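J.: Before we start, here is the structure in question, set down as structure tokens.
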Amino acid sequence: MANVAVLTDSVASLPETFLKNLNITTVAYYIHRGEEVLRDLVTIQREEFLRWMITAKFVPTTASPGPGDYFNAYKHLIEAGYREIVSIHMTAKASGGFQAATVAQSMLKESDPEINLEVIDSRTTSLSQGWMVLEAARASLAGLGLNEITNLVKNMIPISHMIQTADTLRYLYLGGRIGKAQNLLGSMLNIKPLIGIENGEIAPLGRAHSRGQAYQQMAEMVAQAIGQGKAKVAYVHAGALHEVEKIKELVESKVNVVESMFAELSPALAVHTGPGTAGLCYYPVKD
């Protein structure tokens with residue numbers, strides 16, 4: 001068993017195989033669909049939710065887990081034998097998950113003062129957060145300690161980037177997550193906005209006249225950022241695998257990608273992006 005338990009939010013959107021093989025614990029976000037209360041990737045799965053979203057007459061709302069949800073997850077890990085835990089969360093500027101986890105951290109200090117728990121604001125989400133979780137879990141299995149893993153994750157925060165595009169920003173706007181991309185709302189209908197996360201909040205990165213042009217711009221942005229170096233890339237989508245396959249081909253014709261994966265957004269993120277979203281999350285790696 002690894003020495004350090006790794007916990008994150010469901011919105012990290014890591015494929016199930018990674019969660020299982022690397023023993024990563026996730027805490028589910030909440031989705032309020034009318035009177036229904038759903039748990040992200042627990043009581044609602046990706047394919048089912050996207051089918052509903054396509055014809056939905058309203059946009060659901062989401063809520064972060066509460067302190068009790070995180071506290072219970074920490075207790076389960078302690079019962080499983082862990083004495084050290086790293087807990088990695090979605091940007092605090094877009095969600096209350098990090099704050100809830102810090103409250104749970106205080107609760108844990110009172111009930112189990114000998115447990116070492118680090119709670120980290122990833123300042124991002126999706127597979128940018130997911131890469132941090134993945135590398136933390138790998139480091140734990142390799143025998144690194146809590147301090148080393150914490151430093152590893154914190155060093156990834158400023159170099160982890162997300163770029164995505166969709167046919168509309170309607171879902172981000174209705175969900176109140178539009179951030180600094182507000183100025184793109186007035187764009188013509190045939191404009192494909194490129195958005196990312198900067199300093200923990202949604203930010204505009206550019207615009208294109210077609211998806212194909214948007215994908216070319218994504219590839220050029222990654223190539224410019226990585227240069228002659230190497231990168232790890234997750235090609236992320238919401239019901240649009242065929243679109244991110246196109247992005248992968250463009251990116252890997254320009255960039256030395258040493259590890260890649262396809263990943264689909266969890267329903268709690270798809271609420272805000274809408275079906276058809278396609279993009280990538282990447283970070284540079286050293287030799």
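Letters A, B, ... mark the chains of the structure tokens in the order given; residue numbers begin at 1 per chain; ligand numbers begin at 1, in order shown.
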Considering only C-alpha atoms, return as an MDAnalysis selection string whatever protein or nucleic-acid residues lie within 8 Å of Ala234 (chain A), sequence-local ones (same chain, fewer than 3 positions apart) excluded.

T.: chainID A and resid 127 260:263 280:282

J.: Report as a tab-separated table: every residue of region 98-122 of chain A with an atom at most 12 Å from region 5-18 of chain A, its closest pair of atoms, and their distance in Å to one decimal, counting only C-alpha atoms, with rows sorted by chain and ascending residue number.

T.:
residue	atom	partner	partner_atom	distance
A:Phe98	CA	A:Asp9	CA	9.5
A:Ala100	CA	A:Asp9	CA	11.5
A:Ala101	CA	A:Thr8	CA	10.0
A:Ile115	CA	A:Ala5	CA	11.3
A:Asn116	CA	A:Ala5	CA	10.4
A:Leu117	CA	A:Ala5	CA	9.4
A:Glu118	CA	A:Val6	CA	10.0
A:Val119	CA	A:Leu7	CA	9.4
A:Ile120	CA	A:Thr8	CA	9.6
A:Asp121	CA	A:Thr8	CA	10.5
A:Ser122	CA	A:Thr8	CA	10.1

J.: Near Ile247 (chain A), within 8 Å and counting only C-alpha atoms, which residues show up once chain neighbours fewer than 3 positions away are dropped, as a list in words?

T.: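 That gives Tyr215, Gln216, Met218, Ala219, Tyr235, Glu243, Val244, Leu250, Val251 and Gly279 of chain A.
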
J.: Go ahead and save the picked residues with N, CA and C atoms, as an mmCIF file, in the first residue's frame.

T.:
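out.cif was written with the following content:
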data_model
loop_
_atom_site.group_PDB
_atom_site.id
_atom_site.type_symbol
_atom_site.label_atom_id
_atom_site.label_comp_id
_atom_site.auth_asym_id
_atom_site.auth_seq_id
_atom_site.Cartn_x
_atom_site.Cartn_y
_atom_site.Cartn_z
ATOM 1 N N TYR A 215 -8.925 24.351 -33.312
ATOM 2 C CA TYR A 215 -8.020 23.256 -32.983
ATOM 3 C C TYR A 215 -6.590 23.578 -33.429
ATOM 4 N N GLN A 216 -6.457 24.224 -34.586
ATOM 5 C CA GLN A 216 -5.128 24.646 -35.045
ATOM 6 C C GLN A 216 -4.514 25.615 -34.048
ATOM 7 N N MET A 218 -5.169 25.846 -30.858
ATOM 8 C CA MET A 218 -4.791 25.096 -29.660
ATOM 9 C C MET A 218 -3.415 24.462 -29.837
ATOM 10 N N ALA A 219 -3.232 23.790 -30.969
ATOM 11 C CA ALA A 219 -1.965 23.114 -31.228
ATOM 12 C C ALA A 219 -0.809 24.104 -31.248
ATOM 13 N N TYR A 235 -6.568 14.907 -23.661
ATOM 14 C CA TYR A 235 -7.526 15.434 -24.632
ATOM 15 C C TYR A 235 -8.918 15.237 -24.047
ATOM 16 N N GLU A 243 -13.892 14.695 -31.964
ATOM 17 C CA GLU A 243 -13.305 16.028 -32.082
ATOM 18 C C GLU A 243 -11.917 16.077 -31.431
ATOM 19 N N VAL A 244 -11.783 15.470 -30.246
ATOM 20 C CA VAL A 244 -10.472 15.528 -29.586
ATOM 21 C C VAL A 244 -9.466 14.611 -30.267
ATOM 22 N N LEU A 250 -3.271 17.040 -34.416
ATOM 23 C CA LEU A 250 -2.638 18.333 -34.667
ATOM 24 C C LEU A 250 -1.544 18.624 -33.643
ATOM 25 N N VAL A 251 -1.842 18.393 -32.376
ATOM 26 C CA VAL A 251 -0.878 18.696 -31.316
ATOM 27 C C VAL A 251 0.365 17.833 -31.465
ATOM 28 N N GLY A 279 -11.224 19.999 -26.000
ATOM 29 C CA GLY A 279 -10.022 20.773 -25.664
ATOM 30 C C GLY A 279 -8.934 19.881 -25.129
#

J.: Show me, as a PyMOL selection string, the residues that have an atom within 10 Å of Glu36 (chain A) when counting only C-alpha atoms, minus same-chain residues fewer than 4 positions from it.

T.: chain A and resi 31-32+60

J.: From a DSSP calculation on the backbone, collect every residue of region 106-170 of chain A in alpha helix (DSSP H) and output the set as number ranges by chain.

T.: A: 106-111, 126-141, 146-156, 170

J.: Kindly assemble as a Markdown table a list of the region 149-168 of chain A residues that lie within 10 Å of region 221-224 of chain A, each paired with its nearest atom pair and their distance in Å to one decimal, using only C-alpha atoms, sorted first by chain and then by ascending residue number.

T.:
| residue | atom | partner | partner_atom | distance |
| --- | --- | --- | --- | --- |
| A:His161 | CA | A:Val222 | CA | 9.1 |
| A:Met162 | CA | A:Val222 | CA | 9.8 |
| A:Ile163 | CA | A:Met221 | CA | 8.9 |

J.: Taking only C-alpha atoms into account, which of A:Val255, A:Ala238, A:Val133, A:Ala225 comes nearest Met53 (chain A)?

T.: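 Comparing A:Val255, A:Ala238, A:Val133, A:Ala225 against Met53 (chain A), the winner is A:Ala238.
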
J.: Using only C-alpha atoms, determine which residues lie at most 12 Å from Phe49 (chain A), disregarding the query and same-chain residues fewer than 4 positions distant; provide the list as a compact mmCIF listing (two decimals) with C-alpha atoms, in the first residue's frame.

T.:
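Writing done, so here's selection.txt:
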# COMPACT_ATOMS: atom_id res chain seq x y z
CA ILE A 31 -25.93 18.26 -9.34
CA ARG A 33 -31.63 18.88 -11.64
CA LEU A 38 -27.58 13.76 -8.12
CA ARG A 39 -24.03 12.80 -7.15
CA ASP A 40 -21.44 13.33 -9.85
CA LEU A 41 -20.29 9.98 -11.32
CA VAL A 42 -22.13 8.12 -8.56
CA THR A 43 -25.86 8.41 -9.27
CA ILE A 44 -25.41 9.98 -12.71
CA GLN A 45 -22.91 8.95 -15.38
CA MET A 53 -28.47 17.84 -21.63
CA ILE A 54 -28.92 17.87 -25.41
CA THR A 55 -32.71 18.23 -25.11
CA ALA A 56 -32.91 19.81 -21.64
CA VAL A 59 -29.66 24.07 -17.01
CA PRO A 60 -29.05 22.25 -13.71
CA ALA A 238 -18.00 16.23 -23.39
CA GLY A 239 -19.47 13.68 -25.76
CA LEU A 265 -15.65 15.65 -18.40
CA SER A 266 -17.67 14.59 -15.39
CA PRO A 267 -21.37 15.64 -15.45
CA ALA A 268 -20.72 18.36 -12.84
CA LEU A 269 -18.35 20.07 -15.29
CA ALA A 270 -20.41 19.27 -18.39
CA VAL A 271 -23.23 21.29 -16.78
CA GLY A 274 -22.35 21.90 -22.46
CA PRO A 275 -22.25 18.90 -24.80

J.: So, with only C-alpha atoms as the atoms that count, which of A:Val258, A:Ala240, A:Ala137, A:Ile197 lies closest to Ser87 (chain A)?

T.: A:Ala137

J.: Measure the distance from CA of Arg83 (chain A) to CA of Val103 (chain A) in Å and round it to one decimal.

T.: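 Result for CA of Arg83 (chain A) versus CA of Val103 (chain A): 18.6 Å, one decimal.
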